[in-house]
Structures are given as C-alpha cells and as structure tokens.
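Student: My structure file coords.cif, mmCIF, C-alpha atoms, is below:
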data_work
loop_
_atom_site.group_PDB
_atom_site.id
_atom_site.type_symbol
_atom_site.label_atom_id
_atom_site.label_comp_id
_atom_site.auth_asym_id
_atom_site.auth_seq_id
_atom_site.Cartn_x
_atom_site.Cartn_y
_atom_site.Cartn_z
ATOM 1 C CA MET N 1 15.238 -19.955 5.090
ATOM 2 C CA LYS N 2 11.851 -19.213 3.526
ATOM 3 C CA LEU N 3 8.658 -19.076 5.547
ATOM 4 C CA SER N 4 6.994 -21.280 2.935
ATOM 5 C CA SER N 5 9.498 -24.035 3.714
ATOM 6 C CA LEU N 6 8.605 -23.899 7.416
ATOM 7 C CA LEU N 7 4.848 -23.629 7.261
ATOM 8 C CA THR N 8 2.595 -26.590 6.615
ATOM 9 C CA ALA N 9 -1.190 -26.638 6.851
ATOM 10 C CA ASP N 10 -1.132 -28.101 10.352
ATOM 11 C CA ARG N 11 0.948 -25.128 11.516
ATOM 12 C CA ILE N 12 -1.650 -22.598 10.449
ATOM 13 C CA LEU N 13 -4.421 -22.018 12.954
ATOM 14 C CA LEU N 14 -7.354 -19.891 11.869
ATOM 15 C CA ASP N 15 -10.355 -18.548 13.781
ATOM 16 C CA ILE N 16 -8.841 -18.995 17.231
ATOM 17 C CA LYS N 17 -11.212 -18.128 20.040
ATOM 18 C CA GLU N 18 -8.709 -17.039 22.691
ATOM 19 C CA LYS N 19 -9.440 -13.464 23.694
ATOM 20 C CA ASN N 20 -6.222 -12.190 25.245
ATOM 21 C CA LYS N 21 -2.517 -12.295 24.576
ATOM 22 C CA ASP N 22 -1.555 -14.559 27.451
ATOM 23 C CA ALA N 23 -4.169 -17.185 26.573
ATOM 24 C CA LEU N 24 -3.267 -16.959 22.897
ATOM 25 C CA LEU N 25 0.437 -17.568 23.571
ATOM 26 C CA SER N 26 -0.412 -20.541 25.778
ATOM 27 C CA TYR N 27 -2.700 -21.948 23.084
ATOM 28 C CA VAL N 28 -0.127 -21.544 20.333
ATOM 29 C CA ILE N 29 2.594 -23.287 22.331
ATOM 30 C CA LYS N 30 0.238 -26.099 23.272
ATOM 31 C CA LYS N 31 -0.655 -26.614 19.608
ATOM 32 C CA LEU N 32 2.991 -26.511 18.622
ATOM 33 C CA ALA N 33 3.778 -29.238 21.142
ATOM 34 C CA GLU N 34 1.098 -31.422 19.544
ATOM 35 C CA ILE N 35 2.764 -31.395 16.131
ATOM 36 C CA GLU N 36 6.428 -30.882 16.996
ATOM 37 C CA ASN N 37 8.846 -32.504 19.349
ATOM 38 C CA VAL N 38 8.925 -30.038 22.250
ATOM 39 C CA ALA N 39 10.845 -31.456 25.193
ATOM 40 C CA ASP N 40 8.911 -29.549 27.844
ATOM 41 C CA PRO N 41 6.086 -27.280 26.631
ATOM 42 C CA ASP N 42 5.657 -25.691 30.068
ATOM 43 C CA THR N 43 9.293 -24.619 30.126
ATOM 44 C CA LEU N 44 9.000 -23.275 26.585
ATOM 45 C CA GLU N 45 5.917 -21.281 27.558
ATOM 46 C CA LYS N 46 7.727 -19.862 30.563
ATOM 47 C CA GLU N 47 10.728 -18.886 28.434
ATOM 48 C CA VAL N 48 8.582 -17.211 25.782
ATOM 49 C CA LYS N 49 6.571 -15.246 28.332
ATOM 50 C CA GLU N 50 9.703 -14.172 30.210
ATOM 51 C CA ARG N 51 11.185 -12.829 26.983
ATOM 52 C CA GLU N 52 7.892 -11.150 26.185
ATOM 53 C CA ALA N 53 8.028 -9.375 29.539
ATOM 54 C CA LEU N 54 11.318 -7.761 28.509
ATOM 55 C CA GLY N 55 9.817 -6.320 25.381
ATOM 56 C CA ASN N 56 6.557 -6.668 23.569
ATOM 57 C CA THR N 57 6.878 -8.557 20.292
ATOM 58 C CA GLY N 58 4.065 -6.713 18.603
ATOM 59 C CA ILE N 59 5.890 -5.271 15.600
ATOM 60 C CA GLY N 60 3.026 -3.044 14.550
ATOM 61 C CA ARG N 61 0.392 -3.162 11.821
ATOM 62 C CA GLY N 62 -1.557 -5.859 13.652
ATOM 63 C CA ILE N 63 1.232 -8.433 13.810
ATOM 64 C CA GLY N 64 2.461 -10.233 16.896
ATOM 65 C CA PHE N 65 5.759 -12.024 16.492
ATOM 66 C CA PRO N 66 6.578 -13.927 19.694
ATOM 67 C CA HIS N 67 9.915 -15.669 19.386
ATOM 68 C CA ALA N 68 12.558 -17.331 21.474
ATOM 69 C CA LYS N 69 15.574 -19.523 21.355
ATOM 70 C CA SER N 70 15.063 -22.550 23.516
ATOM 71 C CA SER N 71 16.661 -25.849 24.383
ATOM 72 C CA GLN N 72 13.159 -27.342 24.230
ATOM 73 C CA VAL N 73 13.275 -27.669 20.425
ATOM 74 C CA SER N 74 15.818 -29.163 18.061
ATOM 75 C CA LYS N 75 15.023 -27.182 14.903
ATOM 76 C CA ILE N 76 13.503 -23.862 13.828
ATOM 77 C CA THR N 77 9.773 -24.206 14.159
ATOM 78 C CA VAL N 78 7.057 -21.805 13.064
ATOM 79 C CA LEU N 79 3.345 -21.563 13.653
ATOM 80 C CA LEU N 80 0.937 -18.965 12.292
ATOM 81 C CA ALA N 81 -2.250 -18.189 14.173
ATOM 82 C CA CYS N 82 -5.121 -15.813 13.498
ATOM 83 C CA PRO N 83 -7.555 -15.014 16.309
ATOM 84 C CA SER N 84 -11.205 -14.754 15.299
ATOM 85 C CA LYS N 85 -11.168 -11.166 16.576
ATOM 86 C CA PRO N 86 -8.106 -8.892 16.878
ATOM 87 C CA ILE N 87 -6.694 -8.928 20.385
ATOM 88 C CA ASP N 88 -4.964 -6.290 22.457
ATOM 89 C CA TYR N 89 -1.300 -7.223 22.280
ATOM 90 C CA GLY N 90 0.174 -4.110 23.831
ATOM 91 C CA SER N 91 1.922 -3.195 20.586
ATOM 92 C CA LEU N 92 3.669 0.133 20.365
ATOM 93 C CA ASP N 93 1.338 1.417 17.655
ATOM 94 C CA GLY N 94 -1.721 0.342 19.643
ATOM 95 C CA VAL N 95 -3.140 -1.700 16.768
ATOM 96 C CA PRO N 96 -4.786 -4.927 18.004
ATOM 97 C CA VAL N 97 -3.125 -8.047 16.660
ATOM 98 C CA SER N 98 -4.851 -10.173 14.055
ATOM 99 C CA ILE N 99 -1.908 -12.330 12.952
ATOM 100 C CA ILE N 100 0.475 -14.119 15.288
ATOM 101 C CA LEU N 101 3.615 -15.669 13.899
ATOM 102 C CA PHE N 102 5.351 -17.763 16.522
ATOM 103 C CA ILE N 103 8.909 -18.890 15.937
ATOM 104 C CA VAL N 104 11.174 -20.883 18.193
ATOM 105 C CA ALA N 105 14.723 -21.961 17.421
ATOM 106 C CA PRO N 106 17.209 -24.226 19.161
ATOM 107 C CA ALA N 107 19.220 -22.433 21.829
ATOM 108 C CA ASP N 108 22.466 -23.667 20.305
ATOM 109 C CA GLY N 109 21.377 -23.235 16.680
ATOM 110 C CA ASP N 110 22.784 -20.963 14.006
ATOM 111 C CA ASN N 111 21.924 -17.447 15.139
ATOM 112 C CA ASN N 112 22.333 -16.008 11.653
ATOM 113 C CA VAL N 113 19.722 -18.382 10.244
ATOM 114 C CA TYR N 114 17.374 -17.486 13.104
ATOM 115 C CA LEU N 115 17.793 -13.732 12.594
ATOM 116 C CA HIS N 116 17.544 -14.004 8.837
ATOM 117 C CA THR N 117 14.384 -16.097 9.028
ATOM 118 C CA MET N 118 12.715 -13.611 11.359
ATOM 119 C CA ALA N 119 13.776 -10.743 9.134
ATOM 120 C CA ARG N 120 12.244 -12.388 6.069
ATOM 121 C CA ILE N 121 8.991 -13.062 7.876
ATOM 122 C CA SER N 122 8.762 -9.544 9.295
ATOM 123 C CA ARG N 123 9.299 -8.003 5.897
ATOM 124 C CA LEU N 124 6.742 -10.295 4.290
ATOM 125 C CA LEU N 125 4.043 -9.658 6.884
ATOM 126 C CA GLY N 126 4.811 -5.952 6.871
ATOM 127 C CA LYS N 127 3.124 -5.656 3.501
ATOM 128 C CA ASN N 128 -0.489 -4.524 3.740
ATOM 129 C CA GLU N 129 -1.645 -6.635 0.817
ATOM 130 C CA VAL N 130 -0.131 -9.821 2.246
ATOM 131 C CA ARG N 131 -1.760 -9.290 5.634
ATOM 132 C CA GLU N 132 -5.104 -8.541 4.055
ATOM 133 C CA GLU N 133 -4.942 -11.647 1.889
ATOM 134 C CA ILE N 134 -4.004 -13.845 4.847
ATOM 135 C CA LEU N 135 -6.839 -12.428 6.932
ATOM 136 C CA SER N 136 -9.336 -13.145 4.180
ATOM 137 C CA ALA N 137 -8.134 -16.736 3.710
ATOM 138 C CA LYS N 138 -10.609 -19.426 4.652
ATOM 139 C CA THR N 139 -8.258 -22.379 4.874
ATOM 140 C CA PRO N 140 -4.626 -23.032 5.850
ATOM 141 C CA GLU N 141 -3.929 -24.093 2.280
ATOM 142 C CA GLU N 142 -5.017 -20.665 1.045
ATOM 143 C CA VAL N 143 -2.598 -19.045 3.501
ATOM 144 C CA ILE N 144 0.242 -21.186 2.172
ATOM 145 C CA ASP N 145 -0.633 -20.218 -1.393
ATOM 146 C CA ILE N 146 -0.581 -16.524 -0.424
ATOM 147 C CA ILE N 147 2.839 -16.858 1.221
ATOM 148 C CA ASN N 148 4.216 -18.810 -1.720
ATOM 149 C CA ALA N 149 2.971 -16.150 -4.117
ATOM 150 C CA ASN N 150 4.442 -13.235 -2.169
ATOM 151 C CA GLU N 151 7.720 -14.540 -0.834
ATOM 152 C CA VAL N 152 10.663 -13.318 -2.871
ATOM 153 C CA MET I 153 16.389 15.693 31.628
ATOM 154 C CA THR I 154 14.908 13.941 34.608
ATOM 155 C CA GLN I 155 14.021 10.417 33.565
ATOM 156 C CA LEU I 156 14.786 8.218 30.591
ATOM 157 C CA LYS I 157 11.721 6.037 30.470
ATOM 158 C CA LYS I 158 11.520 5.914 26.679
ATOM 159 C CA ILE I 159 14.684 5.938 24.612
ATOM 160 C CA ILE I 160 14.441 5.950 20.846
ATOM 161 C CA LEU I 161 17.424 4.294 19.217
ATOM 162 C CA ASN I 162 18.161 4.638 15.532
ATOM 163 C CA LEU I 163 19.605 1.323 14.446
ATOM 164 C CA ASP I 164 21.503 0.346 11.328
ATOM 165 C CA SER I 165 24.501 -1.725 10.305
ATOM 166 C CA SER I 166 27.263 0.621 11.453
ATOM 167 C CA GLN I 167 29.683 0.191 14.315
ATOM 168 C CA GLU I 168 28.517 3.559 15.640
ATOM 169 C CA SER I 169 24.999 2.191 15.754
ATOM 170 C CA GLN I 170 26.245 -0.754 17.812
ATOM 171 C CA ASN I 171 27.943 1.722 20.136
ATOM 172 C CA ALA I 172 24.652 3.578 20.376
ATOM 173 C CA LEU I 173 22.871 0.314 21.237
ATOM 174 C CA ALA I 174 25.330 -0.338 24.052
ATOM 175 C CA ALA I 175 24.716 3.164 25.401
ATOM 176 C CA ALA I 176 20.960 2.715 25.106
ATOM 177 C CA ILE I 177 21.086 -0.569 27.024
ATOM 178 C CA THR I 178 23.116 1.012 29.812
ATOM 179 C CA LEU I 179 20.802 4.010 30.071
ATOM 180 C CA ALA I 180 17.630 1.911 29.874
ATOM 181 C CA LYS I 181 18.804 -0.358 32.670
ATOM 182 C CA MET I 182 19.871 2.578 34.837
ATOM 183 C CA SER I 183 16.529 4.301 34.453
ATOM 184 C CA GLU I 184 14.362 1.162 34.171
ATOM 185 C CA GLY I 185 13.265 2.511 30.835
ATOM 186 C CA THR I 186 12.409 0.975 27.475
ATOM 187 C CA ILE I 187 14.423 1.171 24.292
ATOM 188 C CA ILE I 188 12.353 1.782 21.191
ATOM 189 C CA ALA I 189 14.745 0.555 18.516
ATOM 190 C CA VAL I 190 13.857 1.747 15.049
ATOM 191 C CA ASN I 191 15.420 0.832 11.752
ATOM 192 C CA ILE I 192 14.696 3.343 9.034
ATOM 193 C CA VAL I 193 14.772 2.215 5.436
ATOM 194 C CA ASN I 194 16.085 5.506 4.134
ATOM 195 C CA GLN I 195 14.582 6.257 0.741
ATOM 196 C CA ALA I 196 17.584 8.348 -0.226
ATOM 197 C CA VAL I 197 19.809 5.334 0.389
ATOM 198 C CA VAL I 198 17.464 3.060 -1.584
ATOM 199 C CA THR I 199 17.617 5.394 -4.564
ATOM 200 C CA SER I 200 21.358 5.840 -4.334
ATOM 201 C CA LEU I 201 22.119 2.125 -4.044
ATOM 202 C CA ALA I 202 19.790 1.266 -6.926
ATOM 203 C CA ARG I 203 21.449 3.894 -9.090
ATOM 204 C CA HIS I 204 24.871 2.432 -8.421
ATOM 205 C CA SER I 205 23.965 -1.226 -8.874
ATOM 206 C CA ASP I 206 22.142 -3.424 -11.340
ATOM 207 C CA LYS I 207 19.282 -3.952 -8.897
ATOM 208 C CA SER I 208 15.887 -2.340 -9.154
ATOM 209 C CA LEU I 209 14.525 0.037 -6.517
ATOM 210 C CA ALA I 210 12.202 -2.713 -5.279
ATOM 211 C CA GLU I 211 15.039 -5.223 -4.978
ATOM 212 C CA VAL I 212 17.195 -2.778 -3.043
ATOM 213 C CA GLU I 213 14.284 -1.919 -0.772
ATOM 214 C CA VAL I 214 13.618 -5.594 -0.015
ATOM 215 C CA GLU I 215 17.290 -6.095 0.785
ATOM 216 C CA LEU I 216 17.444 -3.088 3.106
ATOM 217 C CA GLU I 217 14.189 -4.044 4.819
ATOM 218 C CA GLU I 218 15.396 -7.562 5.525
ATOM 219 C CA ASN I 219 18.779 -6.361 6.700
ATOM 220 C CA GLY I 220 17.054 -3.816 8.909
ATOM 221 C CA TRP I 221 14.906 -6.437 10.579
ATOM 222 C CA ARG I 222 18.018 -8.547 11.121
ATOM 223 C CA TYR I 223 19.733 -5.658 12.918
ATOM 224 C CA LEU I 224 16.601 -5.096 14.968
ATOM 225 C CA TYR I 225 16.270 -8.705 16.088
ATOM 226 C CA ALA I 226 19.972 -8.899 16.880
ATOM 227 C CA ALA I 227 19.654 -5.748 18.991
ATOM 228 C CA GLU I 228 16.563 -7.097 20.680
ATOM 229 C CA GLU I 229 18.375 -10.280 21.548
ATOM 230 C CA GLN I 230 21.342 -8.377 22.947
ATOM 231 C CA ALA I 231 19.161 -6.050 25.002
ATOM 232 C CA LYS I 232 17.043 -8.847 26.430
ATOM 233 C CA ASN I 233 20.098 -10.933 27.232
ATOM 234 C CA ASP I 234 21.398 -7.906 29.115
ATOM 235 C CA GLY I 235 18.101 -7.526 30.939
ATOM 236 C CA ALA I 236 16.985 -4.323 29.225
ATOM 237 C CA HIS I 237 13.466 -3.659 27.994
ATOM 238 C CA ILE I 238 13.188 -3.165 24.251
ATOM 239 C CA VAL I 239 10.625 -2.979 21.478
ATOM 240 C CA ILE I 240 11.478 -2.852 17.793
ATOM 241 C CA LEU I 241 9.964 -1.326 14.708
ATOM 242 C CA GLN I 242 10.834 -0.496 11.139
ATOM 243 C CA GLU I 243 9.897 2.624 9.218
ATOM 244 C CA ASN I 244 10.383 3.766 5.643
ATOM 245 C CA GLY I 245 11.390 7.360 5.016
ATOM 246 C CA TYR I 246 13.937 9.835 6.230
ATOM 247 C CA PRO I 247 15.560 9.775 9.687
ATOM 248 C CA GLU I 248 15.307 13.552 10.111
ATOM 249 C CA GLU I 249 11.529 13.303 9.682
ATOM 250 C CA ILE I 250 10.813 9.977 11.349
ATOM 251 C CA LEU I 251 12.870 10.212 14.538
ATOM 252 C CA PRO I 252 11.362 13.535 15.733
ATOM 253 C CA ARG I 253 7.877 12.255 14.853
ATOM 254 C CA LEU I 254 8.362 9.023 16.796
ATOM 255 C CA ALA I 255 9.759 10.967 19.737
ATOM 256 C CA LYS I 256 6.611 13.067 19.762
ATOM 257 C CA ASP I 257 4.188 10.169 19.171
ATOM 258 C CA TYR I 258 5.683 8.059 21.951
ATOM 259 C CA SER I 259 6.592 10.917 24.301
ATOM 260 C CA ALA I 260 10.213 9.805 24.251
ATOM 261 C CA ASP I 261 12.757 11.263 26.658
ATOM 262 C CA LEU I 262 15.814 10.737 24.499
ATOM 263 C CA ILE I 263 16.852 9.926 20.940
ATOM 264 C CA ILE I 264 20.173 8.153 20.446
ATOM 265 C CA ILE I 265 21.811 8.089 17.048
ATOM 266 C CA GLY I 266 25.120 6.740 15.854
ATOM 267 C CA GLN I 267 26.962 8.970 13.467
ATOM 268 C CA ASN I 268 29.314 7.627 10.862
ATOM 269 C CA LYS I 269 30.566 9.806 8.067
ATOM 270 C CA LYS I 270 31.517 6.900 5.878
ATOM 271 C CA SER I 271 28.471 4.659 5.937
ATOM 272 C CA ARG I 272 25.731 5.472 3.488
ATOM 273 C CA GLU I 273 23.251 3.499 5.565
ATOM 274 C CA ASN I 274 23.868 5.671 8.595
ATOM 275 C CA ILE I 275 22.846 9.201 9.368
ATOM 276 C CA SER I 276 25.923 10.195 7.512
ATOM 277 C CA GLN I 277 25.188 13.792 6.760
ATOM 278 C CA SER I 278 25.666 16.227 9.554
ATOM 279 C CA ARG I 279 22.699 18.084 8.080
ATOM 280 C CA SER I 280 20.480 15.117 8.910
ATOM 281 C CA ALA I 281 21.739 14.939 12.495
ATOM 282 C CA ASP I 282 21.308 18.700 12.832
ATOM 283 C CA GLN I 283 17.734 18.439 11.608
ATOM 284 C CA ILE I 284 16.970 15.651 14.052
ATOM 285 C CA ILE I 285 18.286 17.792 16.890
ATOM 286 C CA GLU I 286 16.433 20.851 15.672
ATOM 287 C CA HIS I 287 13.067 19.162 15.150
ATOM 288 C CA SER I 288 13.027 16.868 18.178
ATOM 289 C CA SER I 289 11.129 17.789 21.295
ATOM 290 C CA CYS I 290 13.479 15.747 23.491
ATOM 291 C CA ALA I 291 17.217 15.442 24.035
ATOM 292 C CA VAL I 292 19.352 13.862 21.307
ATOM 293 C CA LEU I 293 22.507 11.914 22.036
ATOM 294 C CA VAL I 294 24.956 11.394 19.177
ATOM 295 C CA ILE I 295 27.312 8.455 19.592
ATOM 296 C CA LYS I 296 30.486 8.110 17.544
#
Show me this structure written as structure tokens.
Tutor:
Amino acid sequence: MKLSSLLTADRILLDIKEKNKDALLSYVIKKLAEIENVADPDTLEKEVKEREALGNTGIGRGIGFPHAKSSQVSKITVLLACPSKPIDYGSLDGVPVSIILFIVAPADGDNNVYLHTMARISRLLGKNEVREEILSAKTPEEVIDIINANEV
Amino acid sequence: MTQLKKIILNLDSSQESQNALAAAITLAKMSEGTIIAVNIVNQAVVTSLARHSDKSLAEVEVELEENGWRYLYAAEEQAKNDGAHIVILQENGYPEEILPRLAKDYSADLIIIGQNKKSRENISQSRSADQIIEHSSCAVLVIK
C-alpha cells in the first residue's frame, strides 16, 4: 500500500506549535479523530503511548514514526505532522524530530499489509532529499506532490 | 559481563536471526535492558544480487531496504508484545564495520548475531563474524 494512497491534504499538518513529544502525540491523535472514525480517541492515545514506552519510535534522521494496531480504527490510517520547530523525541541518534508520521491499523487487520506499509514509508522518509523537500513545503498539497514524485 | 542494558541485535530474514531475536528478548527482559535492533543493507549483498538478476543496483537496494524495515517492525512488534524494550534502526554498509561502531556509539553491552552459512543476506562468512568479534568493544553472542 503506497503512502500516497493514504495521505490526503487534511491528513498533513504543517507548522504545529506543540513543543514536546507527549503533547505532539496527543495533538496528532486528536486531529486524526476529527477526520477519521476513531471509536475512542482516549483509548487510542493510551495504547500509542504505552507502546511508545516500550520503545521509542524515533527511527533516526529527524523522523518520528509512532504506530500501533488498535481496535479503535477499522482501516489503516496515516497522518503526517511537522512541528514548527524540531522537538526532542528521545531518538537513538539524538536528532530532534521534524517529521512525524503516525500510522494506526486495525488490531485484527492484515499484519503483512501493516508491516509492508510501514516499511515503504520508512524507506521513503529515510532519504535526505525527500525529508528536505517535505520540510520546505508550504502547503499539504506540496507535500503530496513530493511523495507522489518520490514513491517508487 | 555484569549488566545487559543495551543489546545490539543484527536482524535480517534468516531463521538464525529470528533465533537471535528470541534470545535478545529473553536477555533484555531478564536484565531490564533495551534491544537496539539494526538491519544492515549490506552493500556486498546488493552488488551480488544485482549482478545475478535483471534488476539495477538501485532497485535491489530499494527492495532490501523495504524488506529490512519489514523485519524490523515485525521484530519490534514481537518484542513489545513480549514486554521487552526495543528500538529499531537501519544502516547501509557492512556488518563487520557497522556493528562494532554502533556498539561503541551506544555503549552497548552485547552484540547478538545470527549466523547462517547458506543465506546471502546473513552474516554468512565466518570472516565477517570474526571481524565483528575482533573489532567490538563488548561481548558478541553468535546464535545458530
């Protein structure tokens, strides 16, 4: 499943003012619940933060990739968020995070699709030029164009 | 070896790597440590696979990178479901160079590698495993 098929302009949040990881995760989940059918956003937030406590999802190079499987959603859902200033995410490489890609999948969904989707996204965002282009984008539509142009 | 607070795990597609993951989870839980799971896109493997297929180097690299992330996320899911702490990362290069460097950078207490003589994606050459042992500042556990 391609990232470009999951991301629409309303799922791309730029210039977010939250200043720490916890607040940013809460904000992202709240926004997701506004545009997607999330059964219980509070439960989803709790699940995501519990998983985060068992291992930081900062995958390096300034990317945070919080993810979870949850019974609170019925389909794979993605949201991309860029804080106005990089935030300390506790990533292994110590690089503050400037792009957050949040993905949540149904608890009983196809695990292979979930893993494959995350793998595609991680590879895509691992490229310096893609990250730099996304960070210089002014609008969600520009971000979508960048992803469309770079996704194999 | 006193504590195993940081365990570097070399992760790939092999059964031996899965065995190594199981060992890493057990050790991490026992010592309340963290697994640093790393998938290495081995440039020697990229070159070899491209030479023996009709795919370009870039295509092979993309394929190995995506597969690597898939292994990493599957391992992360397994570790977290088992209640073990884990972080994941992907590197491009050679295991015998990257694993000792990561061990030093992150002050790791142990490196765990799976060894499979048949898989080209694994640390298949004993020379590579020997070099990892020789150049690492911490203990190295080889799982078969």
Student: Using only C-alpha atoms, find the residues of chain N whose closest atom to chain I is at most 9 Å away, then write them as a ChimeraX atom specification.
Tutor: /N:51,53-60,91-92,111-112,115-123,152
Student: I'd like the contact shell of N:Leu13 - 9 Å cut-off, only C-alpha atoms, skipping same-chain residues fewer than 5 positions apart - returned as a list in words.
Tutor: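 The contact residues come out as Val28, Lys31, Leu79, Leu80, Ala81, Cys82, Pro83, Thr139 and Pro140 of chain N.
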Student: Between atom CA of N:Val73 and atom CA of N:Pro106, what is the distance in Å, rounded to a tenth?
Tutor: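 Between these atoms lies a distance of 5.4 Å.
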Student: Report, in Å with one decimal, the straight-line distance from atom CA of N:Glu18 to atom CA of N:Phe65.
Tutor: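 If I compute the distance from atom CA of N:Glu18 to atom CA of N:Phe65, I get 16.5 Å.
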Student: With the PyMOL selection byres ((chain I and resi 279-287) around 9) as the selection, what would be picked from this file? Answer as a PyMOL selection string, please.
Tutor: chain I and resi 246-253+263+265+267+275-278+288-294
Student: Measure the distance from atom CA of I:Ala260 to atom CA of N:Arg61 in Å and round it to one decimal.
Tutor: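 Value for the atom CA of I:Ala260-atom CA of N:Arg61 distance: 20.5 Å.
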Student: List every protein, DNA or RNA residue that has an atom no more than 7 Å from (20.5, 5.1, 23.5) in the file's coordinate frame, counting all atoms listed in the file, and report them as a short mmCIF file (atom, residue, chain, number, x, y, z; two decimals) with C-alpha atoms, keeping the file's coordinate frame.
Tutor:
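part.cif, written as the output of this step:
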data_model
loop_
_atom_site.label_atom_id
_atom_site.label_comp_id
_atom_site.auth_asym_id
_atom_site.auth_seq_id
_atom_site.Cartn_x
_atom_site.Cartn_y
_atom_site.Cartn_z
CA ILE I 159 14.68 5.94 24.61
CA ILE I 160 14.44 5.95 20.85
CA LEU I 161 17.42 4.29 19.22
CA ALA I 172 24.65 3.58 20.38
CA LEU I 173 22.87 0.31 21.24
CA ALA I 175 24.72 3.16 25.40
CA ALA I 176 20.96 2.72 25.11
CA ILE I 177 21.09 -0.57 27.02
CA LEU I 179 20.80 4.01 30.07
CA ILE I 263 16.85 9.93 20.94
CA ILE I 264 20.17 8.15 20.45
#
Student: Any chance you could build stretch 60-71 of chain N out to N, CA and C atoms and write it as a PDB file, keeping the file's coordinate frame?
Tutor:
ATOM      1  N   GLY N  60       3.848  -4.045  15.208  1.00  0.00           N
ATOM      2  CA  GLY N  60       3.026  -3.044  14.550  1.00  0.00           C
ATOM      3  C   GLY N  60       2.214  -3.621  13.413  1.00  0.00           C
ATOM      4  N   ARG N  61       1.257  -2.815  12.955  1.00  0.00           N
ATOM      5  CA  ARG N  61       0.392  -3.162  11.821  1.00  0.00           C
ATOM      6  C   ARG N  61      -0.422  -4.438  12.072  1.00  0.00           C
ATOM      7  N   GLY N  62      -0.696  -4.717  13.338  1.00  0.00           N
ATOM      8  CA  GLY N  62      -1.557  -5.859  13.652  1.00  0.00           C
ATOM      9  C   GLY N  62      -0.856  -7.199  13.671  1.00  0.00           C
ATOM     10  N   ILE N  63       0.468  -7.176  13.807  1.00  0.00           N
ATOM     11  CA  ILE N  63       1.232  -8.433  13.810  1.00  0.00           C
ATOM     12  C   ILE N  63       1.894  -8.641  15.164  1.00  0.00           C
ATOM     13  N   GLY N  64       1.725  -9.822  15.710  1.00  0.00           N
ATOM     14  CA  GLY N  64       2.461 -10.233  16.896  1.00  0.00           C
ATOM     15  C   GLY N  64       3.483 -11.273  16.483  1.00  0.00           C
ATOM     16  N   PHE N  65       4.699 -11.112  16.941  1.00  0.00           N
ATOM     17  CA  PHE N  65       5.759 -12.024  16.492  1.00  0.00           C
ATOM     18  C   PHE N  65       6.517 -12.569  17.694  1.00  0.00           C
ATOM     19  N   PRO N  66       5.864 -13.349  18.549  1.00  0.00           N
ATOM     20  CA  PRO N  66       6.578 -13.927  19.694  1.00  0.00           C
ATOM     21  C   PRO N  66       7.663 -14.889  19.206  1.00  0.00           C
ATOM     22  N   HIS N  67       8.813 -14.820  19.835  1.00  0.00           N
ATOM     23  CA  HIS N  67       9.915 -15.669  19.386  1.00  0.00           C
ATOM     24  C   HIS N  67      10.864 -15.916  20.536  1.00  0.00           C
ATOM     25  N   ALA N  68      11.582 -17.004  20.426  1.00  0.00           N
ATOM     26  CA  ALA N  68      12.558 -17.331  21.474  1.00  0.00           C
ATOM     27  C   ALA N  68      13.514 -18.378  20.944  1.00  0.00           C
ATOM     28  N   LYS N  69      14.674 -18.391  21.564  1.00  0.00           N
ATOM     29  CA  LYS N  69      15.574 -19.523  21.355  1.00  0.00           C
ATOM     30  C   LYS N  69      15.456 -20.389  22.595  1.00  0.00           C
ATOM     31  N   SER N  70      15.352 -21.681  22.380  1.00  0.00           N
ATOM     32  CA  SER N  70      15.063 -22.550  23.516  1.00  0.00           C
ATOM     33  C   SER N  70      15.706 -23.920  23.334  1.00  0.00           C
ATOM     34  N   SER N  71      16.113 -24.489  24.435  1.00  0.00           N
ATOM     35  CA  SER N  71      16.661 -25.849  24.383  1.00  0.00           C
ATOM     36  C   SER N  71      15.539 -26.884  24.302  1.00  0.00           C
TER      37      SER N  71
END
